[in-house]
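What follows is one structure encoded as structure tokens, with my remarks underneath.
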Amino acid sequence: MALPFPKKPFHTHGGVSVPHCKNTWNLPTATMPPPKRVILPMQQHIGASCTPVVKKGDHVLLGQIIGDSDAYVSALIHASVSGTVADITQVELPGGQRTAAVVIDSDGKMERDPGVYPPAPLIGPKELALAAQSAGLVGLGGAGFPAHVKLNVPEDKTVDTLIINAVECEPYVTADHREALENGKNVLDGVYKVKEILDVHRVIIAVEDNKPDVIARLTEIAENPEKDPLDEVRVLALKSRYPQGAEKVLVRACTGRRVPAGGLPADVGCLVMNIASISFLASYLRTGMPLTLKRVTVDGSAVAHPQNVIVPIGTPIRDVIEFCGGYKCPPKKLMMGGPMMGLALYSDELPILKQNNAVLAFDEKDSAALEPTDCIRCGSCVAACPMNLMPLKLEKAAQRRDREALLALDVATCMECGCCAYSCPAGRQLVQAIRLGKSIVRNAGR
Amino acid sequence: MEKLIVSPAPHFHGGRTTQRIMLDVLIGLCPAMIASVVLFGVRAAVVILTCVAACVLSEYLSRRVMKRTQTVGDLSCVVTGVLLALNLPVTIHPLMAVFGSVAAIVVVKQMFGGIGQNFVNPALTARIILMNSFPAPMTHWTAPFAYSAGADAVTTATPLGMLQEGSEDLPGDLELFLGRTGGCLGETCALAILIGGAYLILRRVISPVIPLTYLGTAAVFSALLGRDPLFDLLSGGLMLGAFFMATDYTTSPVYWKARVLFAVGCGALTMLIREFGSLPEGVSYSIVLMNIMTPLLERAVKPRAFGKPRAGKAGDGHAS
């Protein structure tokens with residue numbers, strides 16, 4: 001019993017129209033030579049930190065496990081170059097948390113670990129989750145949720161729809177765009193594999209309609225009567241409106257279903273995977289090479305030659321920017337991820353992480369922020385909120401540290417997409433206030 | 001490397017500011033201002049300028065005295081000045097206009113915390129204060145174009161005043177639409193208000209929810225009460241109130257469903273006052289009363305967060 005495909009996307013509430021600034025979509029991806037040194041933090045995912053399993057002076061090979069954890073919600077860390085462990089140190093991640101990091105001095109040979117070989121042919125969902133776990137795969141769209149946890153659908157839930165997230169609604173970022181154009185066949189290989197193993201009979205590849213070339217390319221590949229005789233894989237063009245790629249919004253747009261508050265897409269029969277994740281999974285099943293490379297968009301008004309680059313994970317951002325011609329003017333703001341949800345960095349010595357999809361550097365003019373003034377109750381934030389919240393009231397409740405009010409206003413439902421602050425004429429830092437509100441609710445027991 | 005700015009996301013802003021919104025409102029008020037000068041002469045411009053100057057000065061001085069950040073630049077006090085002036089008769093004594101402006105800005109707005117904090121509309125409340133302080137000058141109406149006839153202030157009545165007195169000689173719909181009737185500066189010309197209102201809706205400064213619901217409810221009540229709906233829509237301050245006063249951000253609800261209730265209340269009260277009240281006009285009182293109701297409406301009607309079940313329903317998972 002096949003589910004029907006939606007002819008057009010379902011209506012989603014709120015959101016904002018952002019400038020696309022997709023300057024790099026038309027440029028082929030460059031591949032960066034191995035850097036002199038990589039820094040591999042033990043926390044590049046949501047969940048428990050890994051512990052280094054190598055020590056200073058050890059010789060490591062490309063693809064070798066260097067960080068492991070006993071916790072289920074965690075992801076393995078692999079060496080992204082071959083060379084010598086120069087140090088085990090502490091780094092402060094962009095989000096502010098401190099974690100251990102393995103520093104490897106590259107020998108430039110990129111010598112593969114002989115332990116890297118393709119996994120045995122997969123027979124069931126358990127093996128698929130296990131493969132994702134040994135590959136160290138996390139959600140590559142930005143959140144960094146360990147893929148094996150996601151793929152291990154609880155037994156009481158059935159997934160009837162696989163959604164491939166190729167929406168890429170953040171301004172500037174084109175990494176998924178290039179992935180689709182350069183690696184489309186691989187993406188579909190991954191889709192057919194996962195679909196077969198999880199026994200899913202409806203796959204929706206969601207793309208924003210500002211990428212007609214991606215829609216055309218993926219539709220062309222997806223029309224494959226040999227591998228998909230029942231036409232169970234289709235591309236769906238979504239309206240270009242931020243945050244169309246946010247998981248809950250995406251599930252709503254593709255299926256009309258609402259993920260319950262505090263729930264997961266699996267609660268409404270959906271599994272959402274980023275296009276880069278599924279493409280990586282396909283290559284891993286073929287080669288056995290774990291996640292050591294990442295495609296990132298390097299752009300922004302302070303970068304000389306914006307483009308997409310495939311870099312070894314752990315490469316310092318400065319090296320990546322130098323590979324792109326360096327800074328053309330002094331950067332005032334540097335960020336990891338897109339401008340709507342990305343994290344501002346305090347230094348360009350930080351490494352590229354698994355879940356990074358962009359590094360943006362902006363000049364002084366583009367870094368200027370509005371001075372916050374008093375809220376005028378215009379209601380723009382309420383109209384823009386895709387989660388139907390009232391950001392202006394959340395901000396006030398957070399400032400009063402009023403836990404009851406925060407709970408009544410459903411603070412936990414906020415996904416921090418930034419639509420409220422983006423549209424606020426008073427320039428109020430609503431997302432920051434809401435994050436404070438979340439921590440007030442979390443820490444209330446202490 | 002120079003120090004980097006580390007600020008929370010989002011790092012981009014949509015570009016719309018409070019100042020820009022207020023400027024748009026002023027642009028939206030231009031047709032009504034021009035109409036007032038055409039209909040009532042240069043003296044209309046004097047009233048507008050007096051109110052704006054008094055409002056700006058009041059805002060500046062009260063922020064200074066209270067040692068708070070200066071907010072004259074956001075232009076909201078200019079909007080208040082223009083709106084107050086458009087709600088006054090052209091023959092108003094300038095000192096009365098100044099008195100109203102000071103009341104609007106100092107008492108109604110700044111004493112409650114300034115922009116975004118007042119619980120009633122400053123311009124409308126000032127109009128009510130003036131109506132109660134100076135009833136005769138506030139209801140002294142001159143006929144449009146009286147200035148060009150050479151005669152000094154030919155007095156007339158407003159269409160609603162005529163209706164209340166049972167006059168047979170009511171102005172026609174076209175006269176009302178073009179504003180060739182007695183009344184406050186900015187309220188008579190429906191055409192000018194509609195042009196300005198359309199501009200605000202197109203610029204997305206206001207949503208059409210409040211004006212359309214307000215006007216629609218008023219028309220329905222007018223018909224139910226056996227009046228002429230078109231006459232009611234085009235006369236008095238209803239158009240000006242629906243597009244420029246009831247849509248005031250600060251004193252109306254932020255959520256659209258609560259806005260619907262707010263506007264229904266405005267429309268119903270306006271018509272009930274017009275039909276049963278001792279005053280011919282009820283727009284100011286109805287909007288101010290609904291302003292006071294706004295916090296209650298916001299409590300009663302709240303958006304339901306995404307993925308939260310409807311009250312009394314277990315789940316809302318699959319598409320309905």
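In the structure tokens, chains take letters A, B, ... by order of appearance, with residues numbered from 1 within each chain and ligands from 1 in the order shown.
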Per residue of chain A within 6 Å of chain B, note the shortest atom pair and the distance in Å to one decimal, counting only C-alpha atoms, and order the rows by chain and increasing residue number, as CSV.
residue,atom,partner,partner_atom,distance
A:Gly256,CA,B:Ala319,CA,5.3
A:Arg257,CA,B:Ala319,CA,4.8
A:Arg258,CA,B:Gly317,CA,5.4
A:Val259,CA,B:Gly307,CA,5.6
A:Pro260,CA,B:Gly307,CA,4.0
A:Ala261,CA,B:Gly307,CA,4.5
A:Lys332,CA,B:Leu4,CA,4.9
A:Lys333,CA,B:Ile5,CA,5.2
A:Pro339,CA,B:His11,CA,5.0
A:Met340,CA,B:Pro10,CA,4.2
A:Met341,CA,B:Ala9,CA,5.4
A:Ala344,CA,B:Val6,CA,5.1
A:Tyr346,CA,B:Leu4,CA,5.9
A:Cys375,CA,B:Gly116,CA,5.8
A:Ile376,CA,B:Gly116,CA,4.1
A:Arg377,CA,B:Thr250,CA,5.2
A:Cys378,CA,B:Tyr249,CA,4.8
A:Gly379,CA,B:Val254,CA,4.5
A:Met387,CA,B:Phe306,CA,4.7
A:Asn388,CA,B:Ala305,CA,4.9
A:Leu389,CA,B:Ala305,CA,5.6
A:Gly418,CA,B:Pro10,CA,5.3
A:Tyr422,CA,B:His13,CA,4.5
A:Ser423,CA,B:Gly14,CA,5.3
A:Pro425,CA,B:Thr17,CA,3.9
A:Ala426,CA,B:Thr18,CA,5.8
- Task: Write out as an MDAnalysis selection string the residues lying within 10 Å of Gly338 (chain A), counting only C-alpha atoms and excluding same-chain residues fewer than 5 positions away.
- Result: (chainID A and resid 142 168:174 297 299 343:344 356:360) or (chainID B and resid 9:12)
Store the residues of this selection in a file with N, CA and C atoms, as a PDB file, in the first residue's frame.
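Written file, selection_27.pdb:
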ATOM      1  N   GLY A 142      23.786  20.326  10.305  1.00  0.00           N
ATOM      2  CA  GLY A 142      24.135  21.373  11.242  1.00  0.00           C
ATOM      3  C   GLY A 142      23.919  20.994  12.693  1.00  0.00           C
ATOM      4  N   GLU A 168      18.232  23.484   2.347  1.00  0.00           N
ATOM      5  CA  GLU A 168      19.305  24.471   2.508  1.00  0.00           C
ATOM      6  C   GLU A 168      18.766  25.908   2.475  1.00  0.00           C
ATOM      7  N   CYS A 169      18.008  26.254   3.522  1.00  0.00           N
ATOM      8  CA  CYS A 169      17.335  27.548   3.524  1.00  0.00           C
ATOM      9  C   CYS A 169      18.185  28.666   4.106  1.00  0.00           C
ATOM     10  N   GLU A 170      19.316  28.355   4.716  1.00  0.00           N
ATOM     11  CA  GLU A 170      20.179  29.408   5.261  1.00  0.00           C
ATOM     12  C   GLU A 170      20.815  30.215   4.124  1.00  0.00           C
ATOM     13  N   PRO A 171      20.890  31.532   4.274  1.00  0.00           N
ATOM     14  CA  PRO A 171      21.595  32.318   3.265  1.00  0.00           C
ATOM     15  C   PRO A 171      23.065  31.857   3.142  1.00  0.00           C
ATOM     16  N   TYR A 172      23.662  32.120   2.014  1.00  0.00           N
ATOM     17  CA  TYR A 172      25.076  31.843   1.703  1.00  0.00           C
ATOM     18  C   TYR A 172      25.413  30.369   1.504  1.00  0.00           C
ATOM     19  N   VAL A 173      24.834  29.478   2.332  1.00  0.00           N
ATOM     20  CA  VAL A 173      25.311  28.098   2.344  1.00  0.00           C
ATOM     21  C   VAL A 173      24.877  27.376   1.070  1.00  0.00           C
ATOM     22  N   THR A 174      25.842  26.748   0.396  1.00  0.00           N
ATOM     23  CA  THR A 174      25.542  26.023  -0.844  1.00  0.00           C
ATOM     24  C   THR A 174      26.161  24.629  -0.840  1.00  0.00           C
ATOM     25  N   THR A 297      30.959  25.516   2.807  1.00  0.00           N
ATOM     26  CA  THR A 297      30.890  26.732   1.997  1.00  0.00           C
ATOM     27  C   THR A 297      31.721  27.798   2.700  1.00  0.00           C
ATOM     28  N   ASP A 299      32.462  31.675   2.533  1.00  0.00           N
ATOM     29  CA  ASP A 299      31.906  32.855   1.857  1.00  0.00           C
ATOM     30  C   ASP A 299      31.847  34.010   2.853  1.00  0.00           C
ATOM     31  N   LEU A 343      27.018  29.983  14.651  1.00  0.00           N
ATOM     32  CA  LEU A 343      27.635  30.474  15.880  1.00  0.00           C
ATOM     33  C   LEU A 343      28.760  31.437  15.519  1.00  0.00           C
ATOM     34  N   ALA A 344      28.789  32.587  16.196  1.00  0.00           N
ATOM     35  CA  ALA A 344      29.883  33.520  15.987  1.00  0.00           C
ATOM     36  C   ALA A 344      31.118  32.967  16.694  1.00  0.00           C
ATOM     37  N   ASN A 356      29.698  21.082  10.603  1.00  0.00           N
ATOM     38  CA  ASN A 356      29.846  22.377   9.925  1.00  0.00           C
ATOM     39  C   ASN A 356      29.427  22.296   8.480  1.00  0.00           C
ATOM     40  N   ASN A 357      28.654  23.250   8.021  1.00  0.00           N
ATOM     41  CA  ASN A 357      28.425  23.274   6.586  1.00  0.00           C
ATOM     42  C   ASN A 357      28.899  24.580   5.960  1.00  0.00           C
ATOM     43  N   ALA A 358      29.308  25.536   6.805  1.00  0.00           N
ATOM     44  CA  ALA A 358      29.801  26.788   6.237  1.00  0.00           C
ATOM     45  C   ALA A 358      30.702  27.515   7.218  1.00  0.00           C
ATOM     46  N   VAL A 359      31.611  28.285   6.647  1.00  0.00           N
ATOM     47  CA  VAL A 359      32.419  29.230   7.411  1.00  0.00           C
ATOM     48  C   VAL A 359      32.227  30.567   6.720  1.00  0.00           C
ATOM     49  N   LEU A 360      31.718  31.539   7.435  1.00  0.00           N
ATOM     50  CA  LEU A 360      31.460  32.841   6.825  1.00  0.00           C
ATOM     51  C   LEU A 360      32.259  33.902   7.569  1.00  0.00           C
TER      52      LEU A 360
ATOM     53  N   ALA B   9      23.115  34.468  17.448  1.00  0.00           N
ATOM     54  CA  ALA B   9      22.392  34.406  16.174  1.00  0.00           C
ATOM     55  C   ALA B   9      20.980  34.938  16.393  1.00  0.00           C
ATOM     56  N   PRO B  10      20.259  35.379  15.400  1.00  0.00           N
ATOM     57  CA  PRO B  10      20.690  35.493  14.003  1.00  0.00           C
ATOM     58  C   PRO B  10      21.627  36.680  13.782  1.00  0.00           C
ATOM     59  N   HIS B  11      22.504  36.496  12.810  1.00  0.00           N
ATOM     60  CA  HIS B  11      23.486  37.539  12.529  1.00  0.00           C
ATOM     61  C   HIS B  11      22.990  38.496  11.465  1.00  0.00           C
ATOM     62  N   PHE B  12      21.835  38.186  10.895  1.00  0.00           N
ATOM     63  CA  PHE B  12      21.243  39.078   9.895  1.00  0.00           C
ATOM     64  C   PHE B  12      19.965  39.669  10.459  1.00  0.00           C
TER      65      PHE B  12
END
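Note that CA of Leu198 (chain A) and CA of Asn224 (chain A) are 19.7 Å apart.
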Which residues in region 114-252 of chain B does DSSP call strand (DSSP E or B)? List them as a PDB file with N, CA and C atoms, in the first residue's frame.
ATOM      1  N   TRP B 141     -17.848  73.004  14.137  1.00  0.00           N
ATOM      2  CA  TRP B 141     -17.421  72.529  12.820  1.00  0.00           C
ATOM      3  C   TRP B 141     -17.605  73.602  11.765  1.00  0.00           C
ATOM      4  N   THR B 142     -16.623  73.710  10.870  1.00  0.00           N
ATOM      5  CA  THR B 142     -16.779  74.635   9.750  1.00  0.00           C
ATOM      6  C   THR B 142     -16.992  73.832   8.481  1.00  0.00           C
ATOM      7  N   THR B 155     -20.329  77.913   9.936  1.00  0.00           N
ATOM      8  CA  THR B 155     -20.462  76.721  10.773  1.00  0.00           C
ATOM      9  C   THR B 155     -21.446  75.756  10.149  1.00  0.00           C
ATOM     10  N   THR B 156     -21.185  74.489  10.461  1.00  0.00           N
ATOM     11  CA  THR B 156     -22.024  73.426   9.929  1.00  0.00           C
ATOM     12  C   THR B 156     -22.118  72.342  10.993  1.00  0.00           C
TER      13      THR B 156
END
- Would you please give, as a PyMOL selection string, all residues of region 8-185 of chain B that DSSP assigns to alpha helix (DSSP H) based on the backbone? chain B and resi 18-40+42-65+76-86+94-102+122-133+135-138+159-165+173-178
- Hey, what's within 10 Å of Ala175 (chain A) if we count only C-alpha atoms and toss same-chain stuff fewer than 2 positions away? As a list in words, please? Thr24, Trp25, Thr29, Gly141, Ala166, Glu168, Tyr172, Val173, His177, Arg178, Glu179, Ala180, Ile275, Ala276, Lys294, Arg295, Val296, Thr297, Val298, Gln307, Asn308, Val309, Ile310, Asn356, Asn357 and Ala358 of chain A
Can I get the selected residues back with N, CA and C atoms, as a short mmCIF file (atom, residue, chain, number, x, y, z; two decimals), in the first residue's frame?
data_model
loop_
_atom_site.label_atom_id
_atom_site.label_comp_id
_atom_site.auth_asym_id
_atom_site.auth_seq_id
_atom_site.Cartn_x
_atom_site.Cartn_y
_atom_site.Cartn_z
N THR A 24 27.99 31.04 -4.19
CA THR A 24 28.95 30.00 -4.57
C THR A 24 28.30 28.79 -5.24
N TRP A 25 26.99 28.88 -5.52
CA TRP A 25 26.30 27.68 -6.00
C TRP A 25 26.83 27.20 -7.34
N THR A 29 33.31 22.51 -6.46
CA THR A 29 33.94 22.36 -5.15
C THR A 29 35.43 22.09 -5.30
N GLY A 141 23.55 18.29 8.52
CA GLY A 141 22.87 19.54 8.20
C GLY A 141 23.22 20.66 9.16
N ALA A 166 17.21 18.48 1.40
CA ALA A 166 18.13 19.23 0.54
C ALA A 166 17.61 20.66 0.40
N GLU A 168 18.23 23.48 2.35
CA GLU A 168 19.31 24.47 2.51
C GLU A 168 18.77 25.91 2.48
N TYR A 172 23.66 32.12 2.01
CA TYR A 172 25.08 31.84 1.70
C TYR A 172 25.41 30.37 1.50
N VAL A 173 24.83 29.48 2.33
CA VAL A 173 25.31 28.10 2.34
C VAL A 173 24.88 27.38 1.07
N HIS A 177 23.77 22.11 -2.00
CA HIS A 177 23.52 22.40 -3.42
C HIS A 177 24.59 21.73 -4.28
N ARG A 178 25.86 21.94 -3.91
CA ARG A 178 26.96 21.35 -4.68
C ARG A 178 26.95 19.83 -4.54
N GLU A 179 26.62 19.34 -3.36
CA GLU A 179 26.54 17.89 -3.15
C GLU A 179 25.54 17.28 -4.15
N ALA A 180 24.39 17.92 -4.29
CA ALA A 180 23.35 17.40 -5.18
C ALA A 180 23.83 17.42 -6.62
N ILE A 275 20.86 15.59 3.00
CA ILE A 275 21.35 15.05 1.72
C ILE A 275 22.82 14.64 1.80
N ALA A 276 23.62 15.43 2.53
CA ALA A 276 25.04 15.10 2.66
C ALA A 276 25.22 13.84 3.50
N LYS A 294 34.76 16.88 4.96
CA LYS A 294 33.50 17.61 4.99
C LYS A 294 33.52 18.71 3.93
N ARG A 295 32.37 18.86 3.25
CA ARG A 295 32.25 19.95 2.30
C ARG A 295 31.71 21.17 3.04
N VAL A 296 32.43 22.27 3.00
CA VAL A 296 31.96 23.50 3.64
C VAL A 296 31.93 24.64 2.64
N THR A 297 30.96 25.52 2.81
CA THR A 297 30.89 26.73 2.00
C THR A 297 31.72 27.80 2.70
N VAL A 298 32.66 28.38 1.99
CA VAL A 298 33.45 29.47 2.55
C VAL A 298 33.02 30.73 1.81
N GLN A 307 34.00 29.92 -2.14
CA GLN A 307 33.74 28.68 -2.87
C GLN A 307 33.43 27.58 -1.88
N ASN A 308 33.02 26.43 -2.40
CA ASN A 308 32.87 25.26 -1.54
C ASN A 308 34.19 24.50 -1.54
N VAL A 309 34.55 23.99 -0.38
CA VAL A 309 35.81 23.27 -0.25
C VAL A 309 35.56 21.98 0.50
N ILE A 310 36.20 20.89 0.03
CA ILE A 310 36.17 19.66 0.81
C ILE A 310 37.42 19.65 1.67
N ASN A 356 29.70 21.08 10.60
CA ASN A 356 29.85 22.38 9.92
C ASN A 356 29.43 22.30 8.48
N ASN A 357 28.65 23.25 8.02
CA ASN A 357 28.43 23.27 6.59
C ASN A 357 28.90 24.58 5.96
N ALA A 358 29.31 25.54 6.80
CA ALA A 358 29.80 26.79 6.24
C ALA A 358 30.70 27.52 7.22
#
As an mmCIF file with C-alpha atoms, in the first residue's frame, please: the residues near region 111-114 of chain A (cut-off 7 Å, only C-alpha atoms, same-chain neighbours under 2 positions excluded).
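Once everything was written out, this is out.cif:
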data_model
loop_
_atom_site.group_PDB
_atom_site.id
_atom_site.type_symbol
_atom_site.label_atom_id
_atom_site.label_comp_id
_atom_site.auth_asym_id
_atom_site.auth_seq_id
_atom_site.Cartn_x
_atom_site.Cartn_y
_atom_site.Cartn_z
ATOM 1 C CA LEU A 61 46.541 6.528 10.151
ATOM 2 C CA LEU A 62 43.729 8.061 8.154
ATOM 3 C CA GLY A 63 40.392 6.687 9.324
ATOM 4 C CA GLN A 64 41.716 5.255 12.571
ATOM 5 C CA SER A 82 47.834 10.310 8.911
ATOM 6 C CA LYS A 109 50.877 11.006 3.140
ATOM 7 C CA VAL A 116 39.276 0.616 6.815
#
Spatial neighbours of His305 (chain A), 9 Å, only C-alpha atoms, chain gap at least 6 places, as a PDB file with N, CA and C atoms, in the first residue's frame:
ATOM      1  N   VAL A 298      32.663  28.376   1.986  1.00  0.00           N
ATOM      2  CA  VAL A 298      33.452  29.474   2.550  1.00  0.00           C
ATOM      3  C   VAL A 298      33.021  30.726   1.811  1.00  0.00           C
ATOM      4  N   ASP A 299      32.462  31.675   2.533  1.00  0.00           N
ATOM      5  CA  ASP A 299      31.906  32.855   1.857  1.00  0.00           C
ATOM      6  C   ASP A 299      31.847  34.010   2.853  1.00  0.00           C
ATOM      7  N   ILE A 321      40.432  29.307   5.099  1.00  0.00           N
ATOM      8  CA  ILE A 321      40.244  30.631   4.501  1.00  0.00           C
ATOM      9  C   ILE A 321      41.461  31.015   3.670  1.00  0.00           C
ATOM     10  N   PHE A 323      43.287  28.948   2.052  1.00  0.00           N
ATOM     11  CA  PHE A 323      43.126  28.184   0.810  1.00  0.00           C
ATOM     12  C   PHE A 323      42.174  28.908  -0.139  1.00  0.00           C
ATOM     13  N   CYS A 324      41.255  29.672   0.412  1.00  0.00           N
ATOM     14  CA  CYS A 324      40.309  30.434  -0.411  1.00  0.00           C
ATOM     15  C   CYS A 324      40.806  31.856  -0.637  1.00  0.00           C
ATOM     16  N   GLY A 325      42.102  32.048  -0.667  1.00  0.00           N
ATOM     17  CA  GLY A 325      42.666  33.355  -0.984  1.00  0.00           C
ATOM     18  C   GLY A 325      42.816  34.272   0.208  1.00  0.00           C
ATOM     19  N   GLY A 326      42.506  33.787   1.381  1.00  0.00           N
ATOM     20  CA  GLY A 326      42.675  34.602   2.586  1.00  0.00           C
ATOM     21  C   GLY A 326      41.598  35.653   2.730  1.00  0.00           C
ATOM     22  N   TYR A 327      41.800  36.522   3.736  1.00  0.00           N
ATOM     23  CA  TYR A 327      40.845  37.611   3.957  1.00  0.00           C
ATOM     24  C   TYR A 327      41.170  38.738   3.000  1.00  0.00           C
ATOM     25  N   LYS A 328      40.131  39.349   2.388  1.00  0.00           N
ATOM     26  CA  LYS A 328      40.425  40.494   1.536  1.00  0.00           C
ATOM     27  C   LYS A 328      40.327  41.801   2.317  1.00  0.00           C
TER      28      LYS A 328
END
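Considering only C-alpha atoms, the residue among B:Leu170, B:Arg203, B:His93, B:Ala190 positioned nearest to Ile27 (chain B) is B:Arg203.
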Could you produce a table of the residues of region 163-226 of chain B lying within 12 Å of region 130-138 of chain B, with the nearest pair of atoms per residue and their separation in Å rounded to one decimal, using only C-alpha atoms, ordered by chain and increasing residue number, as a tab-separated table?
residue	atom	partner	partner_atom	distance
B:Gly183	CA	B:Met138	CA	10.2
B:Cys184	CA	B:Met138	CA	9.0
B:Leu185	CA	B:Met138	CA	11.7
Output N, CA and C atoms of each residue in that selection to a file, as a short mmCIF file (atom, residue, chain, number, x, y, z; two decimals), in the first residue's frame.
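Below is the file that was written, selection.cif:
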data_model
loop_
_atom_site.label_atom_id
_atom_site.label_comp_id
_atom_site.auth_asym_id
_atom_site.auth_seq_id
_atom_site.Cartn_x
_atom_site.Cartn_y
_atom_site.Cartn_z
N GLY B 183 -16.41 68.22 9.92
CA GLY B 183 -15.83 67.17 10.74
C GLY B 183 -14.41 67.50 11.14
N CYS B 184 -13.75 66.55 11.82
CA CYS B 184 -12.37 66.76 12.20
C CYS B 184 -11.52 66.82 10.94
N LEU B 185 -10.29 67.36 11.11
CA LEU B 185 -9.37 67.57 9.99
C LEU B 185 -9.24 66.37 9.06
#
